[in-house]
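Below is one structure, written out as structure tokens, with a few remarks after it.
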Amino acid sequence: MIFQKNDKPEPSSGSVLDHVGFSVTDLDATLKVLQADGVKIVQPARDVAGLFKLAFIEDPWGTRIEVVQDPEKLGLHHVHLRSPDPAGMLAWYVDKFGGSLSKLKGRLDGINYGGVWMLAQQGPATPSAGHSIDHMGMRPVNVDNAVTALKAKNVKVTTEPRPLTLPSGVSMRLAFIEGPEGVRIELVQR
């Protein structure tokens, strides 16, 4: 995750990048610590049969975060997208970035990318630019080849591949594309 300055970000809720999910070992204890630190609990902990225990919080910038208790996967757990056509959105990601459709815990349609799920729910969505979750990143082996392949699939490239050197001296190559519902996707090669 990379944090960028935005003086007036729009909340993530309702954007195509609606929320991110993190899994912890003890949801109740985690919520107590977060609440003591002043974190806004939007939806208290509840058990969802067949899935896991979950709650929703919001950070000071309006980022909606789902905190789950999934002992099979701790840490960054999922990215949750919104779309009027969730099945079509997930199919778009499979076509452009690989992977295969599966079901989280046999219940939620998604794509498992190396242990982090991409899920999609039905609903109206606004483009992600300017929201507290402005964009997501994918890491192809070669950004230039990925952009060429994506252009062949009629994907809109909003920033052509270019080099970038961070203040730390780390060099990378990046590009930006636009996905369904106006999701900004950064392609990063390190």
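Each chain in the structure tokens gets a letter, A, B, ..., in the order shown, and its residues are numbered from 1; ligands are numbered from 1 in order too.
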Pick out the residues sitting within 6 Å of Ser12 in chain A, and hand them over as a list in words; count only C-alpha atoms, and ignore anything fewer than 6 positions along from it in its own chain.
Asp18, Thr63, Arg64, His131, Ser132 and Ile133 of chain A
Which polymer residues have any atom within 9 Å of an atom of Gln122 in chain A, counting only C-alpha atoms, with same-chain residues fewer than 3 positions away left out, as a list in words?
Leu81, Arg82, Ser83, Pro84, Asp85, Pro86, Ala87 and Ala125 of chain A
With only C-alpha atoms as the counted atoms, please give the residues lying no more than 6 Å from range 136-153 of chain A, apart from itself and same-chain residues fewer than 6 positions off, as a ChimeraX atom specification.
/A:185-189
Can you write out as JSON lines which residues of range 65-115 of chain A fall within 12 Å of range 41-50 of chain A, alongside each residue's closest atom pair and its distance in Å to one decimal, counting only C-alpha atoms and ordering rows by chain and ascending residue number?
{"residue": "A:Ile65", "atom": "CA", "partner": "A:Val42", "partner_atom": "CA", "distance": 9.3}
{"residue": "A:Glu66", "atom": "CA", "partner": "A:Gln43", "partner_atom": "CA", "distance": 9.2}
{"residue": "A:Val67", "atom": "CA", "partner": "A:Ala45", "partner_atom": "CA", "distance": 8.7}
{"residue": "A:Val68", "atom": "CA", "partner": "A:Ala45", "partner_atom": "CA", "distance": 8.7}
{"residue": "A:Gln69", "atom": "CA", "partner": "A:Asp47", "partner_atom": "CA", "distance": 9.5}
{"residue": "A:Asp70", "atom": "CA", "partner": "A:Gly50", "partner_atom": "CA", "distance": 11.2}
{"residue": "A:Lys103", "atom": "CA", "partner": "A:Gly50", "partner_atom": "CA", "distance": 11.9}
{"residue": "A:Leu104", "atom": "CA", "partner": "A:Gly50", "partner_atom": "CA", "distance": 10.0}
{"residue": "A:Lys105", "atom": "CA", "partner": "A:Gly50", "partner_atom": "CA", "distance": 7.1}
{"residue": "A:Gly106", "atom": "CA", "partner": "A:Gly50", "partner_atom": "CA", "distance": 8.3}
{"residue": "A:Arg107", "atom": "CA", "partner": "A:Gly50", "partner_atom": "CA", "distance": 7.6}
{"residue": "A:Leu108", "atom": "CA", "partner": "A:Gly50", "partner_atom": "CA", "distance": 10.3}
Output the selection as a PDB file, in the first residue's frame - N, CA and C atoms for each residue.
ATOM      1  N   ILE A  65     -12.922   0.057   5.656  1.00  0.00           N
ATOM      2  CA  ILE A  65     -12.070  -1.112   5.873  1.00  0.00           C
ATOM      3  C   ILE A  65     -12.905  -2.197   6.542  1.00  0.00           C
ATOM      4  N   GLU A  66     -12.884  -3.363   5.944  1.00  0.00           N
ATOM      5  CA  GLU A  66     -13.546  -4.516   6.541  1.00  0.00           C
ATOM      6  C   GLU A  66     -12.487  -5.275   7.336  1.00  0.00           C
ATOM      7  N   VAL A  67     -12.758  -5.521   8.598  1.00  0.00           N
ATOM      8  CA  VAL A  67     -11.843  -6.287   9.440  1.00  0.00           C
ATOM      9  C   VAL A  67     -12.516  -7.637   9.667  1.00  0.00           C
ATOM     10  N   VAL A  68     -11.825  -8.699   9.281  1.00  0.00           N
ATOM     11  CA  VAL A  68     -12.385 -10.042   9.382  1.00  0.00           C
ATOM     12  C   VAL A  68     -11.513 -10.912  10.277  1.00  0.00           C
ATOM     13  N   GLN A  69     -12.097 -11.968  10.747  1.00  0.00           N
ATOM     14  CA  GLN A  69     -11.366 -12.963  11.531  1.00  0.00           C
ATOM     15  C   GLN A  69     -11.367 -14.254  10.729  1.00  0.00           C
ATOM     16  N   ASP A  70     -10.395 -14.365   9.819  1.00  0.00           N
ATOM     17  CA  ASP A  70     -10.259 -15.535   8.951  1.00  0.00           C
ATOM     18  C   ASP A  70      -8.911 -16.178   9.247  1.00  0.00           C
ATOM     19  N   LYS A 103     -14.600 -19.235  -5.476  1.00  0.00           N
ATOM     20  CA  LYS A 103     -15.509 -18.758  -4.431  1.00  0.00           C
ATOM     21  C   LYS A 103     -14.771 -18.747  -3.096  1.00  0.00           C
ATOM     22  N   LEU A 104     -14.710 -17.577  -2.480  1.00  0.00           N
ATOM     23  CA  LEU A 104     -14.145 -17.450  -1.149  1.00  0.00           C
ATOM     24  C   LEU A 104     -15.041 -18.197  -0.183  1.00  0.00           C
ATOM     25  N   LYS A 105     -14.460 -19.171   0.503  1.00  0.00           N
ATOM     26  CA  LYS A 105     -15.194 -20.011   1.458  1.00  0.00           C
ATOM     27  C   LYS A 105     -16.390 -20.696   0.792  1.00  0.00           C
ATOM     28  N   GLY A 106     -16.313 -20.874  -0.532  1.00  0.00           N
ATOM     29  CA  GLY A 106     -17.397 -21.529  -1.256  1.00  0.00           C
ATOM     30  C   GLY A 106     -18.648 -20.673  -1.396  1.00  0.00           C
ATOM     31  N   ARG A 107     -18.554 -19.370  -1.048  1.00  0.00           N
ATOM     32  CA  ARG A 107     -19.756 -18.523  -1.038  1.00  0.00           C
ATOM     33  C   ARG A 107     -19.669 -17.261  -1.869  1.00  0.00           C
ATOM     34  N   LEU A 108     -18.527 -16.565  -1.846  1.00  0.00           N
ATOM     35  CA  LEU A 108     -18.424 -15.270  -2.514  1.00  0.00           C
ATOM     36  C   LEU A 108     -17.598 -15.390  -3.791  1.00  0.00           C
TER      37      LEU A 108
END
DSSP on the backbone: what in chain A comes out strand (DSSP E or B), as a VMD selection string?
chain A and resid 10 15 17 to 23 40 to 47 53 to 58 64 to 69 75 to 83 101 to 104 108 to 113 116 to 122 126 131 135 to 138 156 to 165 171 to 178 184 to 189
Contacts of Lys8 in chain A at 12 Å (only C-alpha atoms; same-chain gap of 3+ positions) as a VMD selection string
chain A and resid 4 to 5 11 60 to 62 129 to 132
Keeping C-alpha atoms for every residue in the selection just given, could you write it to a file as a CSV table (one decimal), in the first residue's frame?
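Writing done, so here's result_5.csv:
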chain,number,residue,atom,x,y,z
A,4,GLN,CA,-0.5,9.8,-1.2
A,5,LYS,CA,-1.4,13.2,0.0
A,11,PRO,CA,-14.8,8.4,0.9
A,60,PRO,CA,-10.0,9.6,9.2
A,61,TRP,CA,-9.8,10.0,5.4
A,62,GLY,CA,-13.0,8.0,4.6
A,129,ALA,CA,-9.8,8.8,-8.9
A,130,GLY,CA,-9.9,11.3,-6.0
A,131,HIS,CA,-11.3,8.8,-3.5
A,132,SER,CA,-9.5,7.7,-0.4
Which of range 14-149 of chain A counts as helix (DSSP H, G or I) under DSSP, as a PyMOL selection string please?
chain A and resi 27-36+86-97+143-149
Excluding same-chain residues fewer than 6 positions from Met89 in chain A, what lies within 12 Å of it counting only C-alpha atoms, as a list in words?
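Close residues of Met89 in chain A: Val16, His80, Leu81, Arg82, Ser83, Asp95, Lys96, Leu101, Asp109, Gly110, Ile111, Met118, Leu119, Ala120, Gln121, Gln122, Gly123, Ala125, Gly179, Pro180, Glu181, Gly182 and Val183 of chain A.
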